[in-house]
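**Q** Can you read through this structure? Questions will come right after.
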Amino acid sequence: MSKNLVIVESPAKAKTIEKFLGKDFHVLSSFGHIRDLAEKGFGIDFENNYQPQYEVPKDKQKLVGDLKKAAKESEIVWLASDEDREGEAISWHLFEVLGLTKERTKRIVFHEITKNAILEAIENPREIDINLVDAQQARRVLDRIVGFELSPVLWRKIKPSLSAGRVQSVAVRLIVDREREIQKFSSEASYRVTAVFLVTDKNGKPVELKAELQNRIKTKDQALQFLEKCKNAQFQIENIVTRPAKKSPAPPFTTSTLQQEAARKLGYSVSQTMIIAQKLYEAGLITYMRTDSVNLSSLALNTAKAEITSMAGEKYVHVRQFHTKSKGAQEAHEAIRPSYMNQHEINGTNQEKRLYELIWKRTIASQMADAELEKTTATINISTTTEKFIANGEVLTFDGFLRVYMESTDDEGEQENSTMLPPLKVNDNLNIQTIVAQERFTQKPPRYAEASLVRKLEELGIGRPSTYAPTISTIQNRGYVEKGDREGELRTFTTLTLKGDVINDAEKQETFGSEKAKLFPTDIGIVVTDFLNEYFPNIMDYNFTANVEKEFDNIAEGETKWTKTIDTFYKQFHPVVEASKARSDHKVGEHILGTDPKTGRQVSVKIGRFGPVAQIGIADEEEKPLFASLLKNQSMETITLEEVLELFKLPRIVGKFEDKEMSVAIGRFGPYIKHDNKFISLPKEEDPMTITAETAIALIQKKRQDDANKVIKVFPEDTELGLLNGRFGPYISYKKKNYKIPKKQDPALLTYEDCIKLIEEEDKSDKPKKKKRFTKK
DNA sequence: CAGTGAGCGAGCTTCCGCTTGACTT
């Protein structure tokens, strides 16, 4: 055994570091935190000054045992977890759990995985910073209190299994607030006026010069008046200004900017990006992918410089060190960059290749020279009015970093590619070709996509690089938010065209506002957010995290005791929770739409056990109430009495087939036909209210056909056993459980005995399943 | 995997941040 044991957080890091340190050092990994508050209950002793009750979780016990053993066999244990609040706490937990002593324990930190950085860290050990650890304990305990006090209130008031927390509830609020902004938004029209002139280029050939009127025009009448004025006007170049301009490269990637760019340029979801990046990291191709730092190691800077020089020449090099702007950044790691700058591309899946290329380009570009431009603005005078046309031109005089990388933006605004202007002189008279006044509308604020929500959270200092992707998943899994598309709407707009002496007035149509893979709040999300906003405005405040972070900083500085901070918070927070529980009115979010004209009973909507539900009658009445789930595209906020009454027209009998009734209804998975106790989903284009018996029969027969194709083989020995074709290829179905078939095996050749063998093998290897924690559907 | 939602009551759900696998419908 080695004399020295080094413990880091990540196994990939351990492998790299071991190479730098040589034989006397053995490097192991803690795989993140090794201890946490007790899983059940609060895990906090409220009677005893908020003493945390820590436990080693089941899946960490073996690891902790191994670490203990390794520590015992080593002379010195080097705790090398990250240099941030969480990392310090990990070191402290290791110290406590492994039973280490101060004499033979050293705490070291490094921000980059380079040999020099690590050797230097070994030269400069320190002790565990208990103040920083306390700041982490405060963070942990606060999050537990907020989450575990609020969630049960939601179970009681709205629906079981819901959740609330410092991060997720604010994330949902952002989406709900944005949705309301969009609803409130009314777009304003104005006229954008563009002119096309004919001028001659260097060779005497006619070319077009496009220019835009300085200000937009408010109304159609005014636009017409303007065009009238232009009919007999002279157009003359009044002024030409040319000025140099620069574009600078974006900083290298952090977790959040990588997620944004991968979404924009490659169309990856936030979690997809992280999974692919993890692969690249484990293969040693990139640095750590969960980071808030834009910092690059000096090694990286030097090798990037060399790479750019050999690729493009020294002129293209501009070494920069960027600085993190985001709130609450802890900068324990480098920016995300390629491990080796001279590796332009990699082997791997297509997705891995593309993500790597993106990271490589962004990193290299960040160390390249600014792009240089020459911007030209020509002002064009109109003889009959004081208004001016402006023509903009742009010439790239030096491409600089643009040679490898251009950052994308979320703006879908009307951007015109600026190009070079033809040669112009002041006082030149211009030949007008057309002037077009086109009606344009102000745009609704866009809904958040996954990545733009992450950007907003980061901006507010809410959440950490390691939690962005899980948070996005959580709010979708809880049913607060749904990712979806919205089809664009059609609208007409007016285009006025002046050509010669004639003004043409035309109406055209365009679609607008279509959105893809955006986050929409559900009724549950809206009701939960409204409820939390009402009772817990402090927690829901966009600045709540930033405010408590200041408190944590004070603890880290040793100015405040962490239990004092928690005590102050809890004494204020807990009574509010109790008060919200005591509220004895009906379900939160319930509202009454009117009365059923047939029975005179009350019609209302609320969040039920299975989501939004409409109800006729109330529970206390002698006659039981009737219920019907809202449709996917309906919202509790906007649904009308008429629409609700429609819902109760189902189930509807559409006719008979083979002497059995066919009925249509809407279930958990959408509209379906029920016939002979079998269920058949309706395709999207069929409306359950209008579907005919003929169509229904056709669907039933199609379903029978499909089912027949599904079966590869059945066995006379046992009717419960079947070989079937499924979404993931052939499989064995037995007693309602599914079993795999080995890939190389031809399923058609399997005998009854083969199948039973496969089933027994798989049942045997079925390990006791872990609690479903992340993958709950 | 499917028409649920009363009422009774037991027992469960839940947070955020560090880390990787295991796991397949």
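We name chains A, B, ... following the order of the structure tokens; residues begin at 1 in each chain, and ligands are numbered from 1 as shown.
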Only residues of chain A matter here; which ones have an atom within 7 Å of chain B, counting only C-alpha atoms (C1' of nucleotides)? Give them as a PyMOL selection string.
**A** chain A and resi 9-10+31-33+86+140+143-144+146-148+151+160-161+163+165+466-467+608-609+619+624+627+667-668
**Q** Selection from above, N, CA, C and O atoms, as an mmCIF file, in the first residue's frame, can you write it?
**A**
data_model
loop_
_atom_site.group_PDB
_atom_site.id
_atom_site.type_symbol
_atom_site.label_atom_id
_atom_site.label_comp_id
_atom_site.auth_asym_id
_atom_site.auth_seq_id
_atom_site.Cartn_x
_atom_site.Cartn_y
_atom_site.Cartn_z
ATOM 1 N N GLU A 9 -13.116 13.954 -5.838
ATOM 2 C CA GLU A 9 -14.549 13.720 -5.953
ATOM 3 C C GLU A 9 -14.912 12.801 -7.114
ATOM 4 O O GLU A 9 -15.884 12.079 -7.065
ATOM 5 N N SER A 10 -14.138 12.870 -8.180
ATOM 6 C CA SER A 10 -14.542 12.164 -9.393
ATOM 7 C C SER A 10 -13.531 11.095 -9.785
ATOM 8 O O SER A 10 -12.322 11.327 -9.734
ATOM 9 N N PHE A 31 -16.781 9.835 -5.134
ATOM 10 C CA PHE A 31 -18.022 9.915 -5.929
ATOM 11 C C PHE A 31 -18.972 10.959 -5.350
ATOM 12 O O PHE A 31 -20.129 10.682 -5.086
ATOM 13 N N GLY A 32 -18.477 12.148 -5.142
ATOM 14 C CA GLY A 32 -19.330 13.211 -4.604
ATOM 15 C C GLY A 32 -19.487 13.104 -3.107
ATOM 16 O O GLY A 32 -18.587 12.621 -2.406
ATOM 17 N N HIS A 33 -20.632 13.530 -2.610
ATOM 18 C CA HIS A 33 -20.897 13.475 -1.169
ATOM 19 C C HIS A 33 -20.982 12.032 -0.707
ATOM 20 O O HIS A 33 -21.481 11.158 -1.422
ATOM 21 N N GLU A 86 -19.334 23.058 -1.245
ATOM 22 C CA GLU A 86 -19.690 21.645 -1.221
ATOM 23 C C GLU A 86 -18.439 20.781 -1.077
ATOM 24 O O GLU A 86 -18.436 19.785 -0.359
ATOM 25 N N ARG A 140 -27.554 23.253 3.265
ATOM 26 C CA ARG A 140 -28.217 21.953 3.215
ATOM 27 C C ARG A 140 -29.464 21.930 4.082
ATOM 28 O O ARG A 140 -30.526 21.454 3.688
ATOM 29 N N ASP A 143 -32.329 24.102 2.723
ATOM 30 C CA ASP A 143 -33.029 23.478 1.592
ATOM 31 C C ASP A 143 -33.943 22.355 2.057
ATOM 32 O O ASP A 143 -35.038 22.183 1.537
ATOM 33 N N ARG A 144 -33.482 21.601 3.054
ATOM 34 C CA ARG A 144 -34.308 20.524 3.576
ATOM 35 C C ARG A 144 -35.555 21.098 4.253
ATOM 36 O O ARG A 144 -36.669 20.609 4.038
ATOM 37 N N VAL A 146 -37.055 24.033 3.768
ATOM 38 C CA VAL A 146 -37.959 24.620 2.776
ATOM 39 C C VAL A 146 -38.695 23.504 2.035
ATOM 40 O O VAL A 146 -39.927 23.501 1.948
ATOM 41 N N GLY A 147 -37.963 22.525 1.527
ATOM 42 C CA GLY A 147 -38.571 21.475 0.718
ATOM 43 C C GLY A 147 -39.530 20.609 1.503
ATOM 44 O O GLY A 147 -40.636 20.322 1.051
ATOM 45 N N PHE A 148 -39.112 20.210 2.706
ATOM 46 C CA PHE A 148 -39.908 19.243 3.461
ATOM 47 C C PHE A 148 -41.020 19.890 4.274
ATOM 48 O O PHE A 148 -41.897 19.204 4.786
ATOM 49 N N SER A 151 -43.588 20.931 0.785
ATOM 50 C CA SER A 151 -44.190 19.864 -0.020
ATOM 51 C C SER A 151 -45.451 19.279 0.627
ATOM 52 O O SER A 151 -46.477 19.158 -0.037
ATOM 53 N N PRO A 160 -51.393 14.877 -3.959
ATOM 54 C CA PRO A 160 -50.267 14.140 -3.373
ATOM 55 C C PRO A 160 -49.043 14.119 -4.284
ATOM 56 O O PRO A 160 -49.169 14.288 -5.501
ATOM 57 N N SER A 161 -47.906 13.901 -3.671
ATOM 58 C CA SER A 161 -46.633 13.717 -4.390
ATOM 59 C C SER A 161 -46.077 14.963 -5.044
ATOM 60 O O SER A 161 -45.100 14.889 -5.771
ATOM 61 N N SER A 163 -44.185 18.673 -5.096
ATOM 62 C CA SER A 163 -42.994 19.110 -4.381
ATOM 63 C C SER A 163 -42.781 20.599 -4.562
ATOM 64 O O SER A 163 -43.264 21.206 -5.514
ATOM 65 N N GLY A 165 -39.559 23.662 -3.617
ATOM 66 C CA GLY A 165 -38.202 23.849 -3.128
ATOM 67 C C GLY A 165 -37.653 25.192 -3.540
ATOM 68 O O GLY A 165 -38.218 25.857 -4.418
ATOM 69 N N SER A 466 -24.341 21.481 -11.415
ATOM 70 C CA SER A 466 -24.694 20.064 -11.278
ATOM 71 C C SER A 466 -26.197 19.859 -11.180
ATOM 72 O O SER A 466 -26.670 18.729 -11.248
ATOM 73 N N THR A 467 -26.971 20.907 -10.991
ATOM 74 C CA THR A 467 -28.410 20.717 -10.792
ATOM 75 C C THR A 467 -29.276 21.295 -11.902
ATOM 76 O O THR A 467 -30.483 21.083 -11.892
ATOM 77 N N GLY A 608 -57.628 17.542 -9.447
ATOM 78 C CA GLY A 608 -58.012 16.312 -8.767
ATOM 79 C C GLY A 608 -56.801 15.422 -8.553
ATOM 80 O O GLY A 608 -55.672 15.823 -8.807
ATOM 81 N N ARG A 609 -57.068 14.200 -8.126
ATOM 82 C CA ARG A 609 -55.967 13.273 -7.864
ATOM 83 C C ARG A 609 -55.161 12.997 -9.131
ATOM 84 O O ARG A 609 -53.999 12.666 -9.088
ATOM 85 N N ALA A 619 -69.696 17.286 -3.367
ATOM 86 C CA ALA A 619 -69.595 16.018 -2.641
ATOM 87 C C ALA A 619 -70.661 15.872 -1.560
ATOM 88 O O ALA A 619 -71.110 14.760 -1.288
ATOM 89 N N LYS A 624 -74.290 11.782 -5.932
ATOM 90 C CA LYS A 624 -72.836 11.909 -6.087
ATOM 91 C C LYS A 624 -72.488 12.839 -7.236
ATOM 92 O O LYS A 624 -73.194 12.856 -8.251
ATOM 93 N N PHE A 627 -67.721 13.444 -12.637
ATOM 94 C CA PHE A 627 -66.385 13.981 -12.934
ATOM 95 C C PHE A 627 -65.995 13.712 -14.372
ATOM 96 O O PHE A 627 -66.412 12.721 -14.952
ATOM 97 N N GLY A 667 -59.564 8.835 -21.834
ATOM 98 C CA GLY A 667 -58.915 8.301 -20.641
ATOM 99 C C GLY A 667 -57.584 8.976 -20.400
ATOM 100 O O GLY A 667 -57.302 10.036 -20.945
ATOM 101 N N ARG A 668 -56.772 8.322 -19.613
ATOM 102 C CA ARG A 668 -55.475 8.889 -19.235
ATOM 103 C C ARG A 668 -54.584 9.130 -20.449
ATOM 104 O O ARG A 668 -53.732 9.977 -20.451
#
**Q** As a VMD selection string, list the residues of segment 489-596 of chain A assigned to helix (DSSP H, G or I) by DSSP on the backbone atoms of this structure.
**A** chain A and resid 523 to 535 537 to 540 544 to 556 562 to 582
**Q** According to DSSP computed on the backbone, where in segment 531-643 of chain A is there strand (DSSP E or B)? Give the residues as a list in words.
**A**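 So the strand (DSSP E or B) residues in segment 531-643 of chain A would be His591, Ile592, Leu593, Gly594, Thr595, Gln602, Val603, Ser604, Val605, Lys606, Ile607, Gly608, Gly611, Pro612, Val613, Ala614, Gln615, Ile616, Leu626, Phe627, Ala628 and Ser629 of chain A.
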**Q** Take atom CA of Phe197 of chain A and atom CA of Gln433 of chain A and report the distance between them in Å, one decimal.
**A**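 Separation of atom CA of Phe197 of chain A and atom CA of Gln433 of chain A: 5.3 Å.
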**Q** Please measure the separation of atom CA of Thr200 of chain A and atom CA of Thr376 of chain A, giving the value in Å to one decimal.
**A**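 Between these atoms lies a distance of 17.5 Å.
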**Q** Find the residues near Ser190 of chain A: any atom within 7 Å, counting only C-alpha atoms (C1' of nucleotides), skip ones fewer than 4 places away on the same chain, and give them as a compact mmCIF listing (two decimals) with N, CA, C and O atoms, in the first residue's frame.
**A**
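Result file selection.txt:
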# COMPACT_ATOMS: atom_id res chain seq x y z
N ARG A 216 -39.93 54.22 -37.76
CA ARG A 216 -41.10 53.51 -38.27
C ARG A 216 -42.30 54.45 -38.26
O ARG A 216 -42.34 55.41 -37.49
N ILE A 217 -43.28 54.15 -39.09
CA ILE A 217 -44.47 54.99 -39.18
C ILE A 217 -45.62 54.30 -38.47
O ILE A 217 -45.81 53.08 -38.61
N LYS A 218 -46.39 55.08 -37.71
CA LYS A 218 -47.38 54.44 -36.82
C LYS A 218 -48.59 53.86 -37.55
O LYS A 218 -49.02 52.76 -37.27
N THR A 219 -49.19 54.64 -38.46
CA THR A 219 -50.46 54.18 -39.04
C THR A 219 -50.37 54.06 -40.56
O THR A 219 -49.44 54.58 -41.20
N GLU A 439 -46.32 46.58 -42.94
CA GLU A 439 -46.82 46.56 -41.57
C GLU A 439 -46.08 45.48 -40.78
O GLU A 439 -45.98 44.34 -41.20
N ARG A 440 -45.53 45.88 -39.65
CA ARG A 440 -44.81 44.95 -38.78
C ARG A 440 -45.41 45.01 -37.38
O ARG A 440 -45.98 46.03 -36.99
N PHE A 441 -45.24 43.96 -36.63
CA PHE A 441 -45.85 43.91 -35.30
C PHE A 441 -44.81 43.67 -34.23
O PHE A 441 -43.83 42.97 -34.45
**Q** Please provide as an MDAnalysis selection string all residues within 12 Å of Gly284 of chain A, with the sequence filter that same-chain residues fewer than 3 positions apart are discarded (counting only C-alpha atoms (C1' of nucleotides)).
**A** chainID A and resid 11:17 113 277:281 287:289 337:340 343 346 356
**Q** Name all residues at most 9 Å from Val167 of chain A (count only C-alpha atoms (C1' of nucleotides); drop same-chain ones fewer than 2 positions away) and give them as a PyMOL selection string.
**A** (chain A and resi 143+164-165+169-172+457+462-463+471+545) or (chain B and resi 16)
**Q** Keeping only N, CA, C and O atoms (P, O5', C5', C4', C3', O3' and C1' of nucleotides), write those residues as a CSV table (one decimal), in the first residue's frame.
**A**
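The resulting out.csv:
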chain,number,residue,atom,x,y,z
A,143,ASP,N,-32.3,24.1,2.7
A,143,ASP,CA,-33.0,23.5,1.6
A,143,ASP,C,-33.9,22.4,2.1
A,143,ASP,O,-35.0,22.2,1.5
A,164,ALA,N,-42.1,21.2,-3.6
A,164,ALA,CA,-41.7,22.6,-3.7
A,164,ALA,C,-40.3,22.7,-3.2
A,164,ALA,O,-39.8,21.9,-2.4
A,165,GLY,N,-39.6,23.7,-3.6
A,165,GLY,CA,-38.2,23.8,-3.1
A,165,GLY,C,-37.7,25.2,-3.5
A,165,GLY,O,-38.2,25.9,-4.4
A,169,SER,N,-39.3,25.7,-7.3
A,169,SER,CA,-40.5,26.5,-7.3
A,169,SER,C,-40.3,27.8,-8.0
A,169,SER,O,-41.2,28.3,-8.7
A,170,VAL,N,-39.1,28.3,-7.9
A,170,VAL,CA,-38.8,29.6,-8.6
A,170,VAL,C,-38.7,29.4,-10.1
A,170,VAL,O,-39.1,30.2,-10.9
A,171,ALA,N,-38.1,28.2,-10.5
A,171,ALA,CA,-38.0,27.9,-11.9
A,171,ALA,C,-39.4,27.8,-12.5
A,171,ALA,O,-39.6,28.3,-13.6
A,172,VAL,N,-40.3,27.2,-11.8
A,172,VAL,CA,-41.7,27.1,-12.3
A,172,VAL,C,-42.3,28.5,-12.4
A,172,VAL,O,-43.0,28.8,-13.3
A,457,LEU,N,-31.9,31.1,-14.8
A,457,LEU,CA,-31.6,30.7,-13.4
A,457,LEU,C,-30.2,31.1,-13.0
A,457,LEU,O,-30.0,31.5,-11.9
A,462,ILE,N,-29.6,31.1,-9.1
A,462,ILE,CA,-30.4,30.0,-8.5
A,462,ILE,C,-29.9,28.7,-9.2
A,462,ILE,O,-29.9,28.5,-10.4
A,463,GLY,N,-29.6,27.7,-8.3
A,463,GLY,CA,-29.2,26.4,-8.8
A,463,GLY,C,-27.7,26.4,-9.1
A,463,GLY,O,-27.0,27.5,-9.1
A,471,THR,N,-33.0,19.8,-12.4
A,471,THR,CA,-34.1,20.7,-12.0
A,471,THR,C,-35.1,20.8,-13.2
A,471,THR,O,-36.3,20.7,-13.0
A,545,THR,N,-32.7,33.4,-3.2
A,545,THR,CA,-31.4,32.7,-3.2
A,545,THR,C,-30.3,33.6,-3.0
A,545,THR,O,-29.4,33.4,-2.2
B,16,DC,P,-35.2,21.7,-4.9
B,16,DC,O5',-33.7,21.7,-4.4
B,16,DC,C5',-33.3,22.8,-3.5
B,16,DC,C4',-31.8,22.7,-3.3
B,16,DC,C3',-31.0,22.6,-4.6
B,16,DC,O3',-29.8,23.4,-4.3
B,16,DC,C1',-30.5,20.7,-3.2
**Q** So that I can check the surroundings of segment 323-332 of chain A, please list as a PDB file with C-alpha atoms, in the first residue's frame every protein, DNA and RNA residue that reaches within 7 Å of it, counting only C-alpha atoms (C1' of nucleotides) and ignoring chain neighbours fewer than 4 positions away.
**A**
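Writing the result to out-v7.pdb gives the following:
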ATOM      1  CA  ASP A  82     -13.127  20.788  -4.886  1.00  0.00           C
ATOM      2  CA  GLU A  83     -12.389  24.200  -3.500  1.00  0.00           C
ATOM      3  CA  ASP A  84     -15.914  25.365  -2.964  1.00  0.00           C
ATOM      4  CA  HIS A 111      -8.465  24.466  -9.885  1.00  0.00           C
ATOM      5  CA  THR A 291     -18.440  24.305 -13.896  1.00  0.00           C
ATOM      6  CA  ASP A 292     -19.366  27.955 -13.576  1.00  0.00           C
ATOM      7  CA  SER A 293     -15.892  29.220 -14.407  1.00  0.00           C
ATOM      8  CA  VAL A 294     -14.646  30.740 -17.665  1.00  0.00           C
ATOM      9  CA  ASN A 295     -11.085  30.424 -16.489  1.00  0.00           C
ATOM     10  CA  GLU A 458     -27.900  31.175 -13.621  1.00  0.00           C
ATOM     11  CA  GLU A 459     -28.385  34.902 -14.038  1.00  0.00           C
ATOM     12  CA  LEU A 460     -30.432  34.931 -10.839  1.00  0.00           C
ATOM     13  CA  GLY A 461     -27.834  32.796  -9.074  1.00  0.00           C
TER      14      GLY A 461
END
**Q** For atom CA of Lys561 of chain A and atom CA of Tyr535 of chain A, quote the distance in Å rounded to one decimal.
**A**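 Going from atom CA of Lys561 of chain A over to atom CA of Tyr535 of chain A, I get 28.3 Å.
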**Q** Write out as a ChimeraX atom specification each polymer residue whose atoms come within 12 Å of segment 305-314 of chain A, counting only C-alpha atoms (C1' of nucleotides); drop sequence neighbours fewer than 5 positions from it.
**A** /A:298-300,319-320,340-344,360-361,363-369,399-404
**Q** Return the single residue from A:Asp596, A:Glu717, A:Glu515, A:Asp24 that is closest to Lys444 of chain A, with distances computed using only C-alpha atoms.
**A**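 Checking each of A:Asp596, A:Glu717, A:Glu515, A:Asp24 against Lys444 of chain A, counting only C-alpha atoms, the winner is A:Glu515.
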